[in-house]
$ cat start-v2.cif   # mmCIF, C-alpha atoms
data_my_file
#
loop_
_atom_site.label_atom_id
_atom_site.label_comp_id
_atom_site.auth_asym_id
_atom_site.auth_seq_id
_atom_site.Cartn_x
_atom_site.Cartn_y
_atom_site.Cartn_z
CA MET A 17 -5.19 -34.23 5.98
CA MET A 18 -2.52 -36.93 5.91
CA THR A 19 -2.84 -39.59 3.24
CA GLN A 20 -1.51 -43.13 3.17
CA ARG A 21 2.06 -43.59 1.95
CA THR A 22 1.95 -47.38 2.12
CA LYS A 23 1.19 -49.01 -1.20
CA PRO A 24 -2.28 -50.57 -1.33
CA ALA A 25 -2.39 -54.35 -1.59
CA VAL A 26 -4.91 -54.63 -4.43
CA ARG A 27 -4.29 -53.45 -7.97
CA PRO A 28 -6.97 -52.86 -10.63
CA GLY A 29 -7.44 -55.93 -12.80
CA ASN A 30 -7.20 -53.67 -15.85
CA PRO A 31 -4.98 -50.57 -15.51
CA ASN A 32 -6.23 -48.97 -18.76
CA PHE A 33 -8.09 -45.80 -17.78
CA SER A 34 -7.23 -43.74 -20.88
CA SER A 35 -9.93 -41.43 -22.26
CA GLY A 36 -9.22 -42.52 -25.81
CA PRO A 37 -8.55 -45.04 -27.10
CA CYS A 38 -10.38 -46.55 -24.15
CA ALA A 39 -10.29 -49.89 -22.36
CA LYS A 40 -11.42 -52.91 -24.34
CA ARG A 41 -14.51 -54.71 -23.07
CA PRO A 42 -13.96 -57.10 -20.13
CA GLY A 43 -12.62 -60.45 -21.29
CA TRP A 44 -11.51 -59.19 -24.69
CA SER A 45 -8.75 -61.05 -26.53
CA VAL A 46 -7.52 -61.20 -30.11
CA ALA A 47 -9.62 -64.35 -30.50
CA ALA A 48 -12.59 -61.99 -30.86
CA LEU A 49 -11.20 -61.02 -34.28
CA GLU A 50 -10.81 -64.51 -35.73
CA ASN A 51 -13.78 -64.06 -38.09
CA ALA A 52 -12.52 -60.77 -39.52
CA LEU A 53 -12.91 -60.55 -43.30
CA LEU A 54 -9.21 -60.03 -44.03
CA GLY A 55 -7.82 -59.98 -47.53
CA ARG A 56 -11.30 -59.46 -48.94
CA SER A 57 -13.00 -56.46 -50.45
CA HIS A 58 -15.26 -54.43 -48.20
CA ARG A 59 -17.50 -54.17 -51.26
CA SER A 60 -17.96 -57.93 -51.48
CA GLY A 61 -21.28 -59.36 -50.38
CA GLU A 62 -19.77 -60.53 -47.10
CA GLY A 63 -18.03 -57.20 -46.53
CA ARG A 64 -21.21 -55.24 -47.05
CA GLU A 65 -23.06 -57.60 -44.71
CA LYS A 66 -20.61 -56.95 -41.88
CA LEU A 67 -20.73 -53.19 -42.35
CA ALA A 68 -24.52 -53.28 -42.49
CA GLU A 69 -24.54 -55.40 -39.33
CA VAL A 70 -22.60 -52.67 -37.49
CA ILE A 71 -25.25 -50.18 -38.58
CA ASP A 72 -28.20 -52.43 -37.71
CA ARG A 73 -26.88 -53.42 -34.27
CA THR A 74 -26.08 -49.77 -33.52
CA ARG A 75 -29.61 -48.70 -34.42
CA ALA A 76 -31.16 -51.45 -32.29
CA ILE A 77 -29.03 -50.89 -29.18
CA LEU A 78 -29.40 -47.10 -29.21
CA SER A 79 -33.06 -47.08 -30.38
CA ILE A 80 -32.20 -44.66 -33.17
CA PRO A 81 -35.38 -43.69 -35.05
CA ASP A 82 -36.07 -45.69 -38.22
CA ASP A 83 -36.05 -42.59 -40.40
CA TYR A 84 -32.56 -41.53 -39.27
CA HIS A 85 -29.64 -42.50 -41.52
CA ILE A 86 -26.57 -44.18 -39.97
CA GLY A 87 -23.26 -44.24 -41.81
CA ILE A 88 -19.67 -45.33 -41.24
CA VAL A 89 -17.15 -42.67 -42.31
CA GLY A 90 -13.41 -42.08 -42.22
CA GLY A 91 -11.35 -40.06 -39.79
CA SER A 92 -12.91 -41.17 -36.50
CA ASP A 93 -15.26 -38.75 -34.72
CA THR A 94 -13.25 -35.79 -35.99
CA GLY A 95 -13.88 -36.83 -39.59
CA ALA A 96 -17.59 -37.23 -38.93
CA VAL A 97 -17.92 -33.78 -37.30
CA GLU A 98 -15.89 -32.11 -40.04
CA MET A 99 -17.99 -33.82 -42.72
CA ALA A 100 -21.17 -32.50 -41.10
CA MET A 101 -19.89 -28.94 -40.73
CA TRP A 102 -18.46 -28.69 -44.25
CA CYS A 103 -21.60 -30.14 -45.85
CA LEU A 104 -24.29 -28.43 -43.79
CA LEU A 105 -23.13 -25.09 -42.41
CA GLY A 106 -23.35 -21.73 -44.13
CA GLN A 107 -27.07 -21.51 -44.85
CA ARG A 108 -27.96 -20.03 -41.44
CA CYS A 109 -26.22 -18.29 -38.59
CA VAL A 110 -24.51 -20.86 -36.40
CA ASP A 111 -24.12 -20.92 -32.62
CA MET A 112 -20.89 -22.63 -31.59
CA LEU A 113 -20.85 -23.95 -28.01
CA ALA A 114 -17.46 -24.47 -26.39
CA TRP A 115 -16.37 -25.24 -22.86
CA GLU A 116 -13.21 -27.25 -23.43
CA ASN A 117 -10.59 -28.06 -26.04
CA PHE A 118 -12.60 -30.09 -28.54
CA GLY A 119 -15.51 -27.66 -28.72
CA LYS A 120 -13.01 -24.84 -29.15
CA GLY A 121 -11.49 -26.79 -32.03
CA TRP A 122 -14.82 -26.77 -33.88
CA VAL A 123 -15.04 -23.00 -33.30
CA THR A 124 -11.61 -22.56 -34.90
CA ASP A 125 -12.57 -24.65 -37.91
CA VAL A 126 -15.77 -22.72 -38.56
CA ALA A 127 -14.22 -19.29 -38.01
CA LYS A 128 -10.81 -19.73 -39.68
CA HIS A 129 -11.34 -22.45 -42.28
CA LEU A 130 -14.98 -22.24 -43.30
CA LYS A 131 -14.64 -18.50 -42.57
CA LEU A 132 -18.25 -18.03 -41.53
CA ASP A 133 -18.90 -14.46 -40.42
CA ASP A 134 -22.46 -15.27 -39.41
CA MET A 135 -21.56 -17.21 -36.26
CA ARG A 136 -21.69 -16.72 -32.52
CA THR A 137 -19.47 -18.36 -29.93
CA ILE A 138 -21.16 -19.21 -26.65
CA ASP A 139 -18.45 -20.43 -24.32
CA ALA A 140 -17.54 -21.15 -20.72
CA PRO A 141 -14.30 -21.94 -18.87
CA TYR A 142 -13.20 -25.46 -17.99
CA GLY A 143 -15.48 -26.91 -15.33
CA ALA A 144 -18.59 -24.97 -16.35
CA LEU A 145 -21.27 -25.18 -19.03
CA PRO A 146 -22.28 -22.21 -21.20
CA ASP A 147 -25.68 -20.64 -20.64
CA LEU A 148 -27.75 -22.76 -22.99
CA ASP A 149 -30.60 -20.25 -22.89
CA PHE A 150 -28.52 -18.08 -25.24
CA VAL A 151 -28.86 -20.62 -28.06
CA ASN A 152 -31.14 -19.33 -30.82
CA SER A 153 -33.38 -22.11 -32.14
CA ASP A 154 -33.41 -20.48 -35.60
CA HIS A 155 -29.64 -20.89 -35.80
CA ASP A 156 -27.69 -24.04 -36.47
CA VAL A 157 -25.83 -25.14 -33.34
CA VAL A 158 -22.64 -27.20 -33.02
CA PHE A 159 -21.77 -28.66 -29.62
CA THR A 160 -20.24 -31.59 -27.79
CA TRP A 161 -22.63 -33.57 -25.60
CA ASN A 162 -19.81 -34.50 -23.24
CA GLY A 163 -16.68 -32.37 -22.97
CA THR A 164 -14.03 -35.08 -22.89
CA ALA A 165 -11.25 -32.76 -21.72
CA SER A 166 -13.30 -31.09 -18.97
CA GLY A 167 -15.63 -33.81 -17.71
CA VAL A 168 -18.60 -31.46 -18.23
CA ARG A 169 -21.66 -32.66 -20.15
CA VAL A 170 -25.01 -31.18 -21.05
CA PRO A 171 -27.51 -32.65 -18.56
CA ASN A 172 -30.35 -33.13 -21.07
CA GLY A 173 -31.84 -31.84 -24.29
CA ASP A 174 -34.56 -29.67 -22.76
CA TRP A 175 -32.84 -26.52 -24.09
CA ILE A 176 -33.29 -27.71 -27.69
CA ALA A 177 -36.58 -26.54 -29.23
CA ASP A 178 -38.73 -29.18 -30.91
CA SER A 179 -39.85 -26.50 -33.39
CA ARG A 180 -36.32 -25.30 -34.13
CA GLY A 181 -35.49 -23.81 -37.51
CA GLY A 182 -31.78 -24.66 -37.41
CA LEU A 183 -29.96 -27.96 -37.22
CA THR A 184 -28.38 -29.41 -34.07
CA ILE A 185 -24.97 -30.94 -34.80
CA CYS A 186 -23.84 -32.96 -31.80
CA ASP A 187 -20.38 -34.42 -31.23
CA ALA A 188 -21.40 -37.28 -28.93
CA THR A 189 -18.24 -39.34 -29.03
CA SER A 190 -17.67 -39.78 -25.27
CA ALA A 191 -21.39 -39.80 -24.46
CA VAL A 192 -23.15 -42.23 -26.78
CA PHE A 193 -23.62 -45.73 -25.27
CA ALA A 194 -23.04 -44.28 -21.76
CA MET A 195 -25.60 -41.47 -21.56
CA PRO A 196 -29.18 -41.19 -22.87
CA LEU A 197 -29.46 -39.01 -25.98
CA PRO A 198 -32.73 -37.35 -27.10
CA TRP A 199 -32.49 -38.45 -30.72
CA THR A 200 -35.46 -36.44 -32.01
CA LYS A 201 -33.82 -33.23 -30.74
CA LEU A 202 -30.57 -33.99 -32.57
CA ASP A 203 -30.11 -33.70 -36.33
CA VAL A 204 -26.51 -34.81 -36.70
CA ILE A 205 -24.85 -37.11 -34.17
CA THR A 206 -21.24 -38.30 -34.42
CA TRP A 207 -18.96 -40.62 -32.47
CA SER A 208 -16.17 -43.17 -32.86
CA TRP A 209 -15.83 -46.79 -31.83
CA GLN A 210 -12.74 -46.05 -29.74
CA LYS A 211 -14.63 -44.40 -26.87
CA VAL A 212 -17.44 -46.10 -24.91
CA LEU A 213 -17.34 -49.26 -27.02
CA GLY A 214 -13.60 -49.64 -26.46
CA GLY A 215 -13.17 -50.24 -30.19
CA GLU A 216 -10.36 -49.35 -32.53
CA ALA A 217 -9.67 -45.91 -33.99
CA GLN A 218 -10.02 -44.15 -37.36
CA HIS A 219 -13.66 -44.98 -38.06
CA GLY A 220 -16.44 -42.50 -37.35
CA MET A 221 -20.20 -42.90 -37.08
CA LEU A 222 -22.48 -40.29 -38.63
CA VAL A 223 -26.22 -40.20 -37.92
CA LEU A 224 -28.51 -37.86 -39.87
CA SER A 225 -32.10 -36.90 -39.12
CA PRO A 226 -34.60 -36.32 -41.93
CA ARG A 227 -34.09 -32.57 -41.40
CA ALA A 228 -30.35 -32.96 -41.94
CA VAL A 229 -30.95 -34.99 -45.11
CA GLU A 230 -33.32 -32.30 -46.41
CA ARG A 231 -30.58 -29.68 -45.84
CA LEU A 232 -28.02 -31.83 -47.67
CA GLU A 233 -30.30 -32.28 -50.67
CA SER A 234 -31.42 -28.66 -50.92
CA TYR A 235 -28.29 -26.68 -50.03
CA VAL A 236 -24.94 -26.46 -51.79
CA PRO A 237 -22.19 -24.90 -49.65
CA PRO A 238 -20.07 -22.17 -51.28
CA TRP A 239 -16.77 -24.03 -50.80
CA PRO A 240 -15.37 -27.12 -52.56
CA LEU A 241 -15.86 -30.42 -50.75
CA PRO A 242 -13.14 -33.08 -50.60
CA LYS A 243 -14.26 -36.49 -51.87
CA LEU A 244 -14.22 -37.89 -48.33
CA PHE A 245 -16.89 -35.35 -47.30
CA ARG A 246 -19.34 -35.75 -50.19
CA LEU A 247 -22.67 -37.20 -49.09
CA THR A 248 -24.78 -36.24 -52.12
CA ARG A 249 -24.66 -36.82 -55.85
CA ASN A 250 -26.68 -34.73 -58.27
CA GLY A 251 -28.60 -33.23 -55.37
CA ALA A 252 -29.60 -36.56 -53.79
CA LEU A 253 -28.24 -38.35 -50.73
CA ILE A 254 -25.84 -41.16 -51.55
CA GLU A 255 -27.92 -43.84 -49.84
CA GLY A 256 -25.24 -46.50 -50.14
CA VAL A 257 -23.08 -44.71 -47.54
CA PHE A 258 -25.80 -45.51 -45.00
CA ARG A 259 -26.07 -49.18 -45.98
CA GLY A 260 -22.40 -50.07 -45.64
CA ASP A 261 -20.93 -48.71 -48.87
CA THR A 262 -18.31 -46.56 -47.20
CA ILE A 263 -16.74 -43.62 -49.03
CA ASN A 264 -13.24 -44.81 -48.18
CA THR A 265 -11.85 -48.28 -47.51
CA PRO A 266 -12.55 -49.37 -43.91
CA SER A 267 -10.43 -51.75 -41.86
CA MET A 268 -12.36 -55.00 -41.71
CA LEU A 269 -10.29 -55.89 -38.64
CA CYS A 270 -11.70 -52.81 -36.89
CA VAL A 271 -15.17 -53.65 -38.17
CA GLU A 272 -14.96 -57.10 -36.59
CA ASP A 273 -13.82 -55.54 -33.34
CA ALA A 274 -16.76 -53.11 -33.44
CA LEU A 275 -19.15 -56.03 -33.96
CA ASP A 276 -17.62 -57.79 -30.95
CA ALA A 277 -18.13 -54.66 -28.83
CA LEU A 278 -21.72 -54.28 -29.98
CA ARG A 279 -22.51 -57.93 -29.19
CA TRP A 280 -21.01 -57.43 -25.73
CA ALA A 281 -23.17 -54.34 -25.24
CA GLU A 282 -26.22 -56.45 -26.00
CA GLN A 283 -25.10 -59.08 -23.49
CA VAL A 284 -24.76 -56.57 -20.64
CA GLY A 285 -28.25 -55.20 -21.11
CA GLY A 286 -28.00 -52.97 -24.16
CA LEU A 287 -28.10 -49.22 -23.70
CA GLU A 288 -29.65 -49.40 -20.23
CA GLY A 289 -26.96 -51.79 -19.06
CA MET A 290 -24.18 -49.69 -20.56
CA ILE A 291 -25.50 -46.53 -18.89
CA LYS A 292 -25.73 -48.31 -15.54
CA ARG A 293 -22.14 -49.53 -15.78
CA SER A 294 -20.79 -46.04 -16.44
CA ALA A 295 -23.03 -44.45 -13.80
CA ALA A 296 -21.74 -46.95 -11.22
CA ASN A 297 -18.17 -45.87 -11.99
CA LEU A 298 -19.04 -42.22 -11.43
CA ALA A 299 -20.88 -43.06 -8.21
CA ALA A 300 -17.79 -44.82 -6.87
CA MET A 301 -15.68 -41.77 -7.71
CA GLU A 302 -18.21 -39.41 -6.13
CA ASP A 303 -18.18 -41.36 -2.85
CA TRP A 304 -14.39 -41.20 -2.76
CA VAL A 305 -14.13 -37.50 -3.67
CA ALA A 306 -16.65 -36.65 -0.93
CA GLN A 307 -14.25 -38.18 1.63
CA THR A 308 -10.98 -36.95 0.15
CA ALA A 309 -9.70 -33.48 1.00
CA TRP A 310 -6.99 -33.11 -1.64
CA VAL A 311 -9.17 -33.55 -4.72
CA ARG A 312 -12.39 -32.27 -6.29
CA PHE A 313 -14.27 -32.67 -9.56
CA LEU A 314 -13.44 -30.17 -12.28
CA ALA A 315 -17.16 -30.02 -13.12
CA VAL A 316 -18.64 -27.40 -10.80
CA ASP A 317 -22.27 -28.53 -11.07
CA PRO A 318 -22.99 -32.20 -10.21
CA ALA A 319 -25.79 -32.20 -12.80
CA THR A 320 -23.22 -31.63 -15.55
CA ARG A 321 -20.66 -34.13 -14.26
CA SER A 322 -19.52 -36.68 -16.83
CA SER A 323 -19.69 -40.39 -16.05
CA THR A 324 -17.14 -41.23 -18.75
CA SER A 325 -14.31 -38.67 -18.84
CA ILE A 326 -14.12 -38.10 -15.08
CA CYS A 327 -11.92 -35.05 -14.59
CA LEU A 328 -10.36 -34.23 -11.21
CA THR A 329 -8.36 -31.28 -10.03
CA PHE A 330 -6.57 -30.38 -6.82
CA ALA A 331 -8.41 -29.00 -3.79
CA ASP A 332 -5.62 -28.87 -1.21
CA PRO A 333 -4.84 -25.16 -0.58
CA SER A 334 -1.15 -25.97 -0.30
CA VAL A 335 -1.32 -27.13 -3.94
CA THR A 336 -3.94 -24.83 -5.45
CA GLY A 337 -1.84 -21.83 -4.42
CA LEU A 338 1.04 -23.07 -6.58
CA PRO A 339 1.61 -21.97 -10.18
CA ASP A 340 -0.07 -24.16 -12.81
CA ALA A 341 3.32 -25.48 -13.91
CA ASP A 342 3.98 -26.85 -10.41
CA GLN A 343 0.50 -28.38 -10.19
CA LYS A 344 0.99 -30.03 -13.57
CA ALA A 345 4.34 -31.36 -12.38
CA LEU A 346 2.60 -32.87 -9.34
CA ALA A 347 -0.02 -34.54 -11.51
CA ARG A 348 2.70 -35.81 -13.85
CA ALA A 349 4.63 -37.25 -10.92
CA MET A 350 1.50 -39.01 -9.65
CA THR A 351 0.68 -40.53 -13.02
CA GLY A 352 4.30 -41.60 -13.44
CA LEU A 353 4.25 -43.45 -10.13
CA LEU A 354 0.98 -45.19 -11.00
CA ALA A 355 2.20 -46.20 -14.45
CA ALA A 356 5.49 -47.51 -13.07
CA ASP A 357 3.55 -49.78 -10.72
CA GLY A 358 1.23 -50.95 -13.49
CA VAL A 359 -1.77 -49.50 -11.67
CA ALA A 360 -3.08 -46.87 -14.10
CA TYR A 361 -2.01 -45.64 -17.50
CA ASP A 362 -2.67 -42.35 -19.30
CA ILE A 363 -4.68 -40.54 -16.61
CA GLU A 364 -3.05 -37.11 -16.54
CA ALA A 365 -5.46 -34.28 -17.40
CA TYR A 366 -5.69 -33.21 -21.03
CA ARG A 367 -2.74 -30.98 -21.91
CA ASP A 368 -4.81 -27.77 -22.25
CA ALA A 369 -7.04 -28.46 -19.24
CA PRO A 370 -6.40 -27.32 -15.66
CA PRO A 371 -3.86 -29.47 -13.78
CA GLY A 372 -5.21 -32.74 -12.47
CA LEU A 373 -6.27 -36.21 -13.49
CA ARG A 374 -8.69 -37.65 -16.04
CA ILE A 375 -10.00 -41.16 -15.44
CA TRP A 376 -12.16 -42.95 -17.98
CA GLY A 377 -15.31 -44.33 -16.38
CA GLY A 378 -17.01 -45.58 -19.51
CA SER A 379 -18.99 -48.79 -19.77
CA THR A 380 -16.05 -51.09 -20.56
CA VAL A 381 -14.41 -50.18 -17.23
CA GLU A 382 -15.30 -52.42 -14.29
CA THR A 383 -16.39 -50.62 -11.12
CA ALA A 384 -14.21 -53.04 -9.15
CA ASP A 385 -11.20 -51.60 -10.98
CA ILE A 386 -12.26 -48.03 -10.14
CA LEU A 387 -12.60 -49.01 -6.48
CA ALA A 388 -9.17 -50.65 -6.54
CA LEU A 389 -7.64 -47.55 -8.15
CA LEU A 390 -8.84 -45.03 -5.57
CA PRO A 391 -6.48 -45.98 -2.69
CA TRP A 392 -3.64 -45.85 -5.19
CA LEU A 393 -4.57 -42.28 -6.07
CA ASP A 394 -4.27 -41.36 -2.39
CA TRP A 395 -0.92 -43.12 -2.23
CA ALA A 396 0.40 -41.43 -5.36
CA TYR A 397 -0.69 -38.01 -4.13
CA ALA A 398 1.03 -38.55 -0.78
CA GLU A 399 4.23 -39.74 -2.45
CA ALA A 400 4.36 -37.03 -5.12
CA SER A 401 3.43 -34.14 -2.83
CA HIS A 402 5.98 -35.31 -0.23
CA ALA A 403 8.69 -35.40 -2.92
CA GLN A 404 7.66 -31.95 -4.13
CA GLN A 405 7.91 -30.54 -0.58
CA VAL A 406 11.34 -32.12 -0.08
CA THR A 407 12.71 -30.59 -3.29
CA ALA A 408 11.06 -27.18 -2.79
#
$ encode --input "start-v2.cif" --output "structure tokens"
Amino acid sequence: MMTQRTKPAVRPGNPNFSSGPCAKRPGWSVAALENALLGRSHRSGEGREKLAEVIDRTRAILSIPDDYHIGIVGGSDTGAVEMAMWCLLGQRCVDMLAWENFGKGWVTDVAKHLKLDDMRTIDAPYGALPDLDFVNSDHDVVFTWNGTASGVRVPNGDWIADSRGGLTICDATSAVFAMPLPWTKLDVITWSWQKVLGGEAQHGMLVLSPRAVERLESYVPPWPLPKLFRLTRNGALIEGVFRGDTINTPSMLCVEDALDALRWAEQVGGLEGMIKRSAANLAAMEDWVAQTAWVRFLAVDPATRSSTSICLTFADPSVTGLPDADQKALARAMTGLLAADGVAYDIEAYRDAPPGLRIWGGSTVETADILALLPWLDWAYAEASHAQQVTA
């Protein structure tokens, strides 16, 4: 199939399609930060009010149960996941689910750093989801809701037992605000502002169910905990962490930006509106992929296809028969052409993923920009593959 080698006339209004940090909300400018509490203590009355407002707006938008604790922690989503694993794991056998780079990273941490012998790895290759029926409900389980590097997500929480004995620890950083989460089936949920909200980095969100709090207050792990990870004192939860008294010093500039993103989420219809925006971006991509011979989704099963980190790989037999290094070179050439024209930035597949493209379709991305991007992808493929054939 021949593709168009004439440059399209229309460019995306916003060329930022990175999967993290992600595009700011439509219409964002630095003026949104003019009320930031700069030069003031985050422990002042005003500082605590802003941090508590982030927590309260988050709870309201996501309909997080009243008896779940919501905290702001350091180290982005990674810090929140590590805090949960170091504080909670070790009491029971743990099932580690992995189907892309970030899930595999949690496996490494548990096996090589926490050194838990009583663990099972349930994995799958890029593009597929592990068999969730293998998860033992009496075990703790650590998993990503949405595999950011593979574009594969769990379709629902039906596989999680309501009567489970173990805890479910869910890295939801590229899912929350764009996909519905079954809160009562999840005991620990983590994310960062830099994903679906389009916020700034280095701050993580940590949500704990009553079952997770009970574990924290009744179990002492056998390893020392760094100060940044300590959520209890004298066997009791440090409640202040979940009212805005952060363990470390937060950036009040980032806090103001998070508040701006949360207010915007409310304006576009809250969680339902945010989900619809992301779903519309995936639908536009699905229509295009169905008509385009050179590309396919990395996610094999449409039911597990991510609406945020939309991962594409090559389908043209003349390309798929090439070594991975040559396919990666083709993808790199495409992304270079698009960046040089100011059409799309940072859309090459994750470095450890199969060769291809990764396009953020989260709620801050306008569907009109996705639609404008698609003809440019055809153009870039035609240009890059032609150049590759000429130099072969």
$ closest_residue --input "start-v2.cif" --among "A:Ile185, A:Met268, A:Ala114, A:Val335" --to "Glu62 of chain A" --atoms "all atoms listed in the file"
A:Met268
$ closest_residue --input "start-v2.cif" --among "A:Asp276, A:Glu364, A:Glu382, A:Glu282" --to "Leu328 of chain A" --atoms "all atoms listed in the file"
A:Glu364
$ residues_around --input "start-v2.cif" --residues "segment 148-164 of chain A" --least-positions-apart "3" --cutoff "7 Å" --atoms "all atoms listed in the file" --output "VMD selection string"
chain A and resid 108 to 114 116 119 167 to 170 175 177 180 to 188 190 to 191 322 325
$ closest_residue --input "start-v2.cif" --among "A:Ser225, A:Asn51, A:Ser267, A:Ser294" --to "Ile80 of chain A" --atoms "all atoms listed in the file"
A:Ser225
$ resolve_selection --input "start-v2.cif" --expression "the PyMOL selection byres ((chain A and resi 298) around 10)" --output "MDAnalysis selection string"
chainID A and resid 292:297 299:304 321:326 375:378 383 386
$ write_last_selection --input "start-v2.cif" --atoms "C-alpha atoms" --output "tab-separated table (two decimals), keeping the file's coordinate frame"
chain	number	residue	atom	x	y	z
A	292	LYS	CA	-25.73	-48.31	-15.54
A	293	ARG	CA	-22.14	-49.53	-15.78
A	294	SER	CA	-20.79	-46.04	-16.44
A	295	ALA	CA	-23.03	-44.45	-13.80
A	296	ALA	CA	-21.74	-46.95	-11.22
A	297	ASN	CA	-18.17	-45.87	-11.99
A	299	ALA	CA	-20.88	-43.06	-8.21
A	300	ALA	CA	-17.79	-44.82	-6.87
A	301	MET	CA	-15.68	-41.77	-7.71
A	302	GLU	CA	-18.21	-39.41	-6.13
A	303	ASP	CA	-18.18	-41.36	-2.85
A	304	TRP	CA	-14.39	-41.20	-2.76
A	321	ARG	CA	-20.66	-34.13	-14.26
A	322	SER	CA	-19.52	-36.68	-16.83
A	323	SER	CA	-19.69	-40.39	-16.05
A	324	THR	CA	-17.14	-41.23	-18.75
A	325	SER	CA	-14.31	-38.67	-18.84
A	326	ILE	CA	-14.12	-38.10	-15.08
A	375	ILE	CA	-10.00	-41.16	-15.44
A	376	TRP	CA	-12.16	-42.95	-17.98
A	377	GLY	CA	-15.31	-44.33	-16.38
A	378	GLY	CA	-17.01	-45.58	-19.51
A	383	THR	CA	-16.39	-50.62	-11.12
A	386	ILE	CA	-12.26	-48.03	-10.14
$ resolve_selection --input "start-v2.cif" --expression "the PyMOL selection byres ((chain A and resi 228) around 9)" --output "list of chain:residue names"
A:Leu104, A:Leu183, A:Thr184, A:Asp203, A:Val204, A:Leu224, A:Ser225, A:Pro226, A:Arg227, A:Val229, A:Glu230, A:Arg231, A:Leu232, A:Glu233
$ write_last_selection --input "start-v2.cif" --atoms "C-alpha atoms" --output "CSV table (one decimal), in the frame of the given file"
chain,number,residue,atom,x,y,z
A,104,LEU,CA,-24.3,-28.4,-43.8
A,183,LEU,CA,-30.0,-28.0,-37.2
A,184,THR,CA,-28.4,-29.4,-34.1
A,203,ASP,CA,-30.1,-33.7,-36.3
A,204,VAL,CA,-26.5,-34.8,-36.7
A,224,LEU,CA,-28.5,-37.9,-39.9
A,225,SER,CA,-32.1,-36.9,-39.1
A,226,PRO,CA,-34.6,-36.3,-41.9
A,227,ARG,CA,-34.1,-32.6,-41.4
A,229,VAL,CA,-31.0,-35.0,-45.1
A,230,GLU,CA,-33.3,-32.3,-46.4
A,231,ARG,CA,-30.6,-29.7,-45.8
A,232,LEU,CA,-28.0,-31.8,-47.7
A,233,GLU,CA,-30.3,-32.3,-50.7
$ residues_around --input "start-v2.cif" --residues "Phe193 of chain A" --least-positions-apart "3" --cutoff "7 Å" --atoms "only C-alpha atoms" --output "PDB file with C-alpha atoms, keeping the file's coordinate frame"
ATOM      1  CA  VAL A 212     -17.440 -46.100 -24.910  1.00  0.00           C
ATOM      2  CA  LEU A 287     -28.100 -49.220 -23.700  1.00  0.00           C
ATOM      3  CA  MET A 290     -24.180 -49.690 -20.560  1.00  0.00           C
ATOM      4  CA  ILE A 291     -25.500 -46.530 -18.890  1.00  0.00           C
TER       5      ILE A 291
END
$ axis_aligned_box --input "start-v2.cif" --around "segment 324-343 of chain A" --padding-each-side "4 Å" --output "AutoDock Vina command-line options"
--center_x -6.6 --center_y -31.5 --center_z -9.6 --size_x 29.1 --size_y 27.4 --size_z 26.5
$ closest_residue --input "start-v2.cif" --among "A:Arg279, A:Arg56, A:Arg312, A:Arg259" --to "Trp44 of chain A" --atoms "all atoms listed in the file"
A:Arg279
$ atom_distance --input "start-v2.cif" --atom1 "atom CA of Trp199 of chain A" --atom2 "atom CA of Leu253 of chain A"
20.5 Å
$ build_atoms --input "start-v2.cif" --residues "segment 246-256 of chain A" --atoms "N, CA and C atoms" --output "compact mmCIF listing (two decimals), in the coordinates of the input"
# COMPACT_ATOMS: atom_id res chain seq x y z
N ARG A 246 -18.16 -35.87 -49.32
CA ARG A 246 -19.34 -35.75 -50.19
C ARG A 246 -20.39 -36.80 -49.87
N LEU A 247 -21.56 -36.32 -49.48
CA LEU A 247 -22.67 -37.20 -49.09
C LEU A 247 -23.81 -37.16 -50.09
N THR A 248 -23.72 -36.31 -51.11
CA THR A 248 -24.78 -36.24 -52.12
C THR A 248 -24.17 -36.37 -53.51
N ARG A 249 -25.03 -36.77 -54.44
CA ARG A 249 -24.66 -36.82 -55.85
C ARG A 249 -25.84 -36.33 -56.66
N ASN A 250 -25.60 -35.32 -57.47
CA ASN A 250 -26.68 -34.73 -58.27
C ASN A 250 -27.87 -34.31 -57.41
N GLY A 251 -27.56 -33.76 -56.23
CA GLY A 251 -28.60 -33.23 -55.37
C GLY A 251 -29.35 -34.26 -54.55
N ALA A 252 -28.93 -35.51 -54.56
CA ALA A 252 -29.60 -36.56 -53.79
C ALA A 252 -28.61 -37.24 -52.86
N LEU A 253 -29.09 -37.65 -51.70
CA LEU A 253 -28.24 -38.35 -50.73
C LEU A 253 -27.70 -39.63 -51.34
N ILE A 254 -26.44 -39.90 -51.12
CA ILE A 254 -25.84 -41.16 -51.55
C ILE A 254 -26.25 -42.22 -50.53
N GLU A 255 -27.33 -42.91 -50.80
CA GLU A 255 -27.92 -43.84 -49.84
C GLU A 255 -26.98 -44.97 -49.46
N GLY A 256 -26.11 -45.37 -50.41
CA GLY A 256 -25.24 -46.50 -50.14
C GLY A 256 -24.33 -46.29 -48.94
